[in-house]
Amino acid sequence: MFETLKKATLDKIFVLMAEYAADPRDGKIDLGVGVYKDPKGVTPVLNSVRKAEQRILDTAKTKVYKGVVGNKEFSAAVVDLALGGVVDLKRIRCVNGAGGTGALSILMNVLSRARPGGRIFISDPSWPNHWPMAELVGLKPVYYPYFDHQTRLVDFDAMMKVVDGLTPDDTILLHGCCHNPTGANLTPAQWDIVAASLQRTGAFPLVDLAYLGFGDGLEADAYGVRKIVSSVPESMVAFSASKNFGLYRERAGVAIAIAKDSDSADVVSSQMQNVIRATISQTPDHGAEIVRIILEDMDLRAEWEAELKEMRERMQRLRVKLAEAIRQRSNSKDFDFIAEHSGMFSLLGLKPEVVEKLKLEDAVYMINDSRINVAGIPEDRVGELADKMLAAIG
Ligand code: PMP
């Protein structure tokens, strides 16, 4: 039977991770995989997370199922964190997802039940799994322009030409703060324009939100998602705690649906629960419980916010350092955009052969579209990295 299957293409990120792991060279640099790294190159367990985990160890009496909607207190704390009370809670329903991607998958399944075969507009570029996730549930993915390859910033005019032409039957998948793999983000004024456009066209927004706190801070980063959900009658948000709590493998996420009223919200909730029951039956709780404990405890929350600030400021510092090192060496402002981007990623705009050369000759690994994870830049080797990049560009 298996002979009927064709070998599936693996996500290029996983292929690159395997290549990096197998590379025996000393001093290899991993700018590929999208996880935060500290100055030692380690993705740490946050102290706030360790303390919350200890509390679970000390006090948990059971590992029995939580129920299909998952950890309700975790969901409520996340809704408060991300949406900050801009929408009446009576209109909001949540279920836990297995990470942000798991939450997104639940939401897309419900979407496809509401509008089978409906179009979902995805930014170009986006994460490599957005498109196949939409196809898997029978939605029809379509690209909308997002990135200006000359300026390496958002091509907002091109984006809005498509967004303004959406219909009430269309869905648009928006990236919350720092979520776009290019590193280029919408400004608050641009979020206002997108929200006004959605109000006008009636298109349905789904926001993928995995980097809250990685840009300018928790409140500032929430501007876009709050603007969207408070401007339209119906929306969805997929929240991930993988990056900002460093909980990657614990798979903590929340699928948030915002309906026009409480009755409609109950229907959406029943659909989300039905999807969970028909797929994984119950969602993981360990990461969810850690986040709940942290967000509900004033001291732990303050400690987490300080740790998040440290991660954010380190990435901002690395951006400025790399942009400056390249400017000094090349006497050009061509890479200044690295410091203007925010979050963990920047799309450098290097040719595929340059990316390949950096990997083969210098053991510098980045995704083949030249996306880098700035947290992977070794702080004491920024000059060396700039030299290598400029030499490879030629
Ligand atoms: N959305 C998308 C499209 C992702 O690929 C990811 C993983 N990088 C996330 C959200 C958030 O991460 P996670 O699923 O690990 O919570």
# chains A, B, ... in the order shown; residues from 1 in each chain; ligands from 1
>>> residues_around(residues="Ile393 (chain A)", least_positions_apart="4", cutoff="9 Å", atoms="only C-alpha atoms", output="PyMOL selection string")
chain A and resi 350-351+354-355+388-389
>>> write_last_selection(atoms="N, CA, C and O atoms", output="PDB file, in the first residue's frame")
ATOM      1  N   LEU A 350      19.704  38.342  -0.146  1.00  0.00           N
ATOM      2  CA  LEU A 350      20.907  37.821  -0.817  1.00  0.00           C
ATOM      3  C   LEU A 350      20.488  36.812  -1.884  1.00  0.00           C
ATOM      4  O   LEU A 350      19.474  36.119  -1.735  1.00  0.00           O
ATOM      5  N   LYS A 351      21.318  36.723  -2.927  1.00  0.00           N
ATOM      6  CA  LYS A 351      21.008  35.744  -3.981  1.00  0.00           C
ATOM      7  C   LYS A 351      21.228  34.329  -3.432  1.00  0.00           C
ATOM      8  O   LYS A 351      22.100  34.126  -2.576  1.00  0.00           O
ATOM      9  N   VAL A 354      24.739  33.213  -3.119  1.00  0.00           N
ATOM     10  CA  VAL A 354      25.487  33.825  -2.007  1.00  0.00           C
ATOM     11  C   VAL A 354      25.197  33.054  -0.708  1.00  0.00           C
ATOM     12  O   VAL A 354      26.094  32.756   0.082  1.00  0.00           O
ATOM     13  N   VAL A 355      23.920  32.716  -0.532  1.00  0.00           N
ATOM     14  CA  VAL A 355      23.524  31.946   0.657  1.00  0.00           C
ATOM     15  C   VAL A 355      24.248  30.596   0.661  1.00  0.00           C
ATOM     16  O   VAL A 355      24.763  30.149   1.705  1.00  0.00           O
ATOM     17  N   LYS A 388      32.359  38.118   6.188  1.00  0.00           N
ATOM     18  CA  LYS A 388      32.003  36.920   5.416  1.00  0.00           C
ATOM     19  C   LYS A 388      30.852  37.227   4.456  1.00  0.00           C
ATOM     20  O   LYS A 388      30.866  36.807   3.298  1.00  0.00           O
ATOM     21  N   MET A 389      29.862  37.961   4.970  1.00  0.00           N
ATOM     22  CA  MET A 389      28.715  38.279   4.111  1.00  0.00           C
ATOM     23  C   MET A 389      29.154  39.135   2.924  1.00  0.00           C
ATOM     24  O   MET A 389      28.788  38.857   1.775  1.00  0.00           O
TER      25      MET A 389
END
>>> residues_near_ligand(ligand="ligand 1", cutoff="9 Å", atoms="only C-alpha atoms and all ligand atoms", output="number ranges by chain")
A: 34-35, 97-104, 126-130, 133, 175, 179, 208-211, 238-243, 247-253
>>> write_last_selection(atoms="N, CA, C and O atoms", output="short mmCIF file (atom, residue, chain, number, x, y, z; two decimals), in the first residue's frame")
data_model
loop_
_atom_site.label_atom_id
_atom_site.label_comp_id
_atom_site.auth_asym_id
_atom_site.auth_seq_id
_atom_site.Cartn_x
_atom_site.Cartn_y
_atom_site.Cartn_z
N GLY A 34 14.33 29.10 13.81
CA GLY A 34 13.67 30.24 14.46
C GLY A 34 13.44 30.07 15.94
O GLY A 34 12.30 30.07 16.40
N VAL A 35 14.52 29.90 16.67
CA VAL A 35 14.39 29.88 18.14
C VAL A 35 15.35 30.91 18.71
O VAL A 35 16.42 31.15 18.16
N GLY A 97 -4.53 25.10 21.88
CA GLY A 97 -4.02 24.39 20.72
C GLY A 97 -2.68 23.78 21.08
O GLY A 97 -2.09 24.14 22.10
N ALA A 98 -2.20 22.85 20.26
CA ALA A 98 -0.85 22.33 20.50
C ALA A 98 0.12 23.35 19.89
O ALA A 98 0.46 23.28 18.71
N GLY A 99 0.48 24.36 20.69
CA GLY A 99 1.29 25.47 20.19
C GLY A 99 0.45 26.41 19.33
O GLY A 99 -0.75 26.18 19.13
N GLY A 100 1.12 27.44 18.83
CA GLY A 100 0.42 28.41 17.98
C GLY A 100 -0.02 27.77 16.67
O GLY A 100 -1.09 28.06 16.15
N THR A 101 0.80 26.87 16.15
CA THR A 101 0.45 26.21 14.89
C THR A 101 -0.76 25.30 15.09
O THR A 101 -1.64 25.22 14.23
N GLY A 102 -0.80 24.62 16.24
CA GLY A 102 -1.96 23.78 16.56
C GLY A 102 -3.22 24.63 16.67
O GLY A 102 -4.29 24.23 16.19
N ALA A 103 -3.08 25.81 17.28
CA ALA A 103 -4.23 26.72 17.40
C ALA A 103 -4.69 27.17 16.01
O ALA A 103 -5.88 27.18 15.70
N LEU A 104 -3.71 27.50 15.17
CA LEU A 104 -4.03 27.95 13.81
C LEU A 104 -4.75 26.85 13.03
O LEU A 104 -5.70 27.11 12.28
N SER A 126 5.52 34.19 3.29
CA SER A 126 4.98 33.86 4.61
C SER A 126 5.73 32.64 5.13
O SER A 126 6.68 32.19 4.50
N TRP A 127 5.29 32.11 6.25
CA TRP A 127 5.89 30.87 6.75
C TRP A 127 5.56 29.74 5.80
O TRP A 127 4.43 29.69 5.28
N PRO A 128 6.49 28.84 5.57
CA PRO A 128 6.25 27.79 4.56
C PRO A 128 5.08 26.88 4.90
O PRO A 128 4.56 26.21 4.01
N ASN A 129 4.63 26.88 6.17
CA ASN A 129 3.51 25.98 6.48
C ASN A 129 2.13 26.63 6.33
O ASN A 129 1.12 25.94 6.35
N HIS A 130 2.08 27.96 6.17
CA HIS A 130 0.75 28.60 6.04
C HIS A 130 -0.03 28.05 4.84
O HIS A 130 -1.21 27.70 4.96
N MET A 133 -1.07 24.37 5.18
CA MET A 133 -2.09 24.22 6.24
C MET A 133 -3.47 24.59 5.69
O MET A 133 -4.46 23.93 5.98
N HIS A 175 -0.14 38.75 9.94
CA HIS A 175 0.91 38.42 10.89
C HIS A 175 0.89 39.43 12.02
O HIS A 175 1.01 40.62 11.78
N HIS A 179 5.82 38.72 13.37
CA HIS A 179 5.55 37.36 12.93
C HIS A 179 5.96 37.11 11.50
O HIS A 179 6.24 35.97 11.11
N ASP A 208 -2.15 35.54 13.07
CA ASP A 208 -1.20 34.58 13.64
C ASP A 208 -0.25 35.38 14.54
O ASP A 208 0.43 36.30 14.07
N LEU A 209 -0.22 35.05 15.82
CA LEU A 209 0.45 35.91 16.81
C LEU A 209 1.39 35.08 17.69
O LEU A 209 0.95 34.46 18.65
N ALA A 210 2.67 35.07 17.32
CA ALA A 210 3.59 34.20 18.07
C ALA A 210 4.77 34.96 18.67
O ALA A 210 5.61 34.34 19.32
N TYR A 211 4.83 36.27 18.46
CA TYR A 211 6.03 36.99 18.91
C TYR A 211 5.70 38.21 19.76
O TYR A 211 6.48 39.18 19.78
N ALA A 238 -4.61 33.24 16.50
CA ALA A 238 -3.87 32.06 16.97
C ALA A 238 -2.68 32.56 17.79
O ALA A 238 -1.78 33.21 17.25
N PHE A 239 -2.72 32.28 19.09
CA PHE A 239 -1.67 32.77 19.98
C PHE A 239 -0.70 31.64 20.32
O PHE A 239 -1.12 30.52 20.63
N SER A 240 0.59 31.97 20.27
CA SER A 240 1.61 30.99 20.65
C SER A 240 2.41 31.51 21.84
O SER A 240 2.79 32.68 21.88
N ALA A 241 2.70 30.61 22.79
CA ALA A 241 3.59 30.96 23.92
C ALA A 241 4.97 30.33 23.72
O ALA A 241 5.78 30.31 24.64
N SER A 242 5.21 29.80 22.51
CA SER A 242 6.46 29.08 22.27
C SER A 242 7.68 29.99 22.37
O SER A 242 8.69 29.62 22.97
N LYS A 243 7.59 31.17 21.76
CA LYS A 243 8.77 32.03 21.65
C LYS A 243 8.91 32.93 22.87
O LYS A 243 9.97 33.02 23.47
N LEU A 247 8.87 28.21 25.39
CA LEU A 247 8.26 26.92 25.73
C LEU A 247 8.13 25.96 24.54
O LEU A 247 7.37 24.99 24.62
N TYR A 248 8.87 26.27 23.50
CA TYR A 248 8.75 25.59 22.20
C TYR A 248 8.15 24.19 22.22
O TYR A 248 7.10 23.93 21.67
N ARG A 249 8.86 23.24 22.85
CA ARG A 249 8.43 21.84 22.73
C ARG A 249 7.22 21.51 23.59
O ARG A 249 6.63 20.44 23.46
N GLU A 250 6.83 22.43 24.46
CA GLU A 250 5.67 22.14 25.31
C GLU A 250 4.34 22.34 24.59
O GLU A 250 3.30 21.92 25.08
N ARG A 251 4.38 23.04 23.46
CA ARG A 251 3.20 23.22 22.60
C ARG A 251 2.06 23.93 23.33
O ARG A 251 0.98 23.38 23.53
N ALA A 252 2.34 25.15 23.77
CA ALA A 252 1.32 25.97 24.44
C ALA A 252 0.79 27.03 23.48
O ALA A 252 1.56 27.87 23.00
N GLY A 253 -0.50 26.99 23.22
CA GLY A 253 -1.10 27.97 22.32
C GLY A 253 -2.59 28.07 22.58
O GLY A 253 -3.18 27.20 23.24
#
>>> closest_residue(among="A:Ile106, A:Asp362, A:Ala257, A:Thr151", to="Ala278 (chain A)", atoms="only C-alpha atoms")
A:Ile106
>>> atom_distance(atom1="CA of Ser197 (chain A)", atom2="CA of Leu136 (chain A)")
28.3 Å
>>> closest_residue(among="A:Ile372, A:Val33, A:Val137, A:Leu166", to="Arg319 (chain A)", atoms="only C-alpha atoms")
A:Ile372
>>> closest_atom_pairs(of="region 219-294 of chain A", to="region 70-83 of chain A", cutoff="9 Å", atoms="only C-alpha atoms", output="CSV")
residue,atom,partner,partner_atom,distance
A:Glu219,CA,A:Ala82,CA,8.4
A:Asp221,CA,A:Ala82,CA,9.0
A:Ala222,CA,A:Ala82,CA,6.0
A:Tyr223,CA,A:Leu83,CA,8.8
A:Val225,CA,A:Leu83,CA,7.2
A:Arg226,CA,A:Leu83,CA,5.4
A:Val229,CA,A:Leu83,CA,8.1
A:Ser230,CA,A:Leu83,CA,8.9
A:Phe239,CA,A:Val78,CA,7.9
A:Ala241,CA,A:Val78,CA,9.0
A:Gly253,CA,A:Ser75,CA,8.5
A:Val254,CA,A:Ser75,CA,6.2
A:Ala255,CA,A:Ser75,CA,8.5
A:Ile256,CA,A:Val79,CA,7.8
A:Gln282,CA,A:Gly70,CA,7.2
A:Thr283,CA,A:Gly70,CA,6.2
A:Pro284,CA,A:Gly70,CA,7.8
A:Asp285,CA,A:Asn71,CA,6.8
A:Ala288,CA,A:Phe74,CA,5.9
A:Glu289,CA,A:Phe74,CA,6.6
A:Ile290,CA,A:Phe74,CA,8.6
A:Val291,CA,A:Phe74,CA,6.6
A:Arg292,CA,A:Phe74,CA,4.5
A:Ile293,CA,A:Phe74,CA,8.2
>>> residues_around(residues="region 264-272 of chain A", least_positions_apart="6", cutoff="8 Å", atoms="only C-alpha atoms", output="ChimeraX atom specification")
/A:90-95,106-107,110,257-258
>>> residues_around(residues="Pro39 (chain A)", least_positions_apart="4", cutoff="10 Å", atoms="only C-alpha atoms", output="list in words")
Thr43, Arg314, Ala375, Gly376, Ile377, Pro378, Glu379 and Asp380 of chain A
>>> write_last_selection(atoms="C-alpha atoms", output="compact mmCIF listing (two decimals), in the first residue's frame")
# COMPACT_ATOMS: atom_id res chain seq x y z
CA THR A 43 17.88 28.43 23.94
CA ARG A 314 19.51 41.54 22.88
CA ALA A 375 19.33 35.80 17.80
CA GLY A 376 21.77 33.34 16.22
CA ILE A 377 24.37 36.05 15.52
CA PRO A 378 27.37 35.47 17.81
CA GLU A 379 27.75 38.86 19.51
CA ASP A 380 31.55 38.67 19.69
>>> closest_residue(among="A:Gly32, A:Phe345, A:Ala189, A:Lys333", to="Lys12 (chain A)", atoms="only C-alpha atoms")
A:Gly32
>>> closest_residue(among="A:Asn244, A:Leu31, A:Gln54, A:His286", to="Asn96 (chain A)", atoms="only C-alpha atoms")
A:His286
>>> select_by_dssp(residues="region 210-289 of chain A", states="strand (DSSP E or B)", output="list of chain:residue names")
A:Ser235, A:Met236, A:Val237, A:Ala238, A:Phe239, A:Ser240, A:Ala252, A:Gly253, A:Val254, A:Ala255, A:Ile256, A:Ala257, A:Ile258
>>> select_by_dssp(residues="region 15-174 of chain A", states="helix (DSSP H, G or I)", output="PyMOL selection string")
chain A and resi 15-22+47-59+72-83+89-91+99-114+130-136+156-163
>>> residues_around(residues="region 142-147 of chain A", least_positions_apart="5", cutoff="8 Å", atoms="only C-alpha atoms", output="list in words")
Arg119, Ile120, Phe121, Ile122, Ser123, Asp124, Pro125, Arg152, Leu153, Val154, Asp155, Phe156, Ala158, Met159, Val162, Val163, Thr182 and Ala184 of chain A
>>> residues_around(residues="Val194 (chain A)", least_positions_apart="2", cutoff="8 Å", atoms="only C-alpha atoms", output="PDB file with C-alpha atoms, in the first residue's frame")
ATOM      1  CA  MET A 160      -3.456  47.488   0.148  1.00  0.00           C
ATOM      2  CA  VAL A 163      -6.612  44.064   0.656  1.00  0.00           C
ATOM      3  CA  GLN A 190      -0.736  51.035   8.662  1.00  0.00           C
ATOM      4  CA  TRP A 191      -2.648  48.728  11.010  1.00  0.00           C
ATOM      5  CA  ASP A 192      -5.307  51.467  11.245  1.00  0.00           C
ATOM      6  CA  ALA A 196     -10.528  50.402   8.175  1.00  0.00           C
ATOM      7  CA  SER A 197     -10.267  48.451   4.919  1.00  0.00           C
ATOM      8  CA  LEU A 198     -11.578  45.256   6.561  1.00  0.00           C
ATOM      9  CA  ILE A 228      -8.110  44.493  14.082  1.00  0.00           C
TER      10      ILE A 228
END
>>> residues_around(residues="Leu322 (chain A)", least_positions_apart="4", cutoff="7 Å", atoms="only C-alpha atoms", output="VMD selection string")
chain A and resid 318 326 382 386
>>> closest_residue(among="A:Pro141, A:Gly246, A:Pro233, A:Gly394", to="Ala195 (chain A)", atoms="only C-alpha atoms")
A:Pro233
>>> atom_distance(atom1="CA of Ile172 (chain A)", atom2="CA of Gln150 (chain A)")
24.7 Å
>>> atom_distance(atom1="CA of Leu300 (chain A)", atom2="CA of Leu218 (chain A)")
15.7 Å
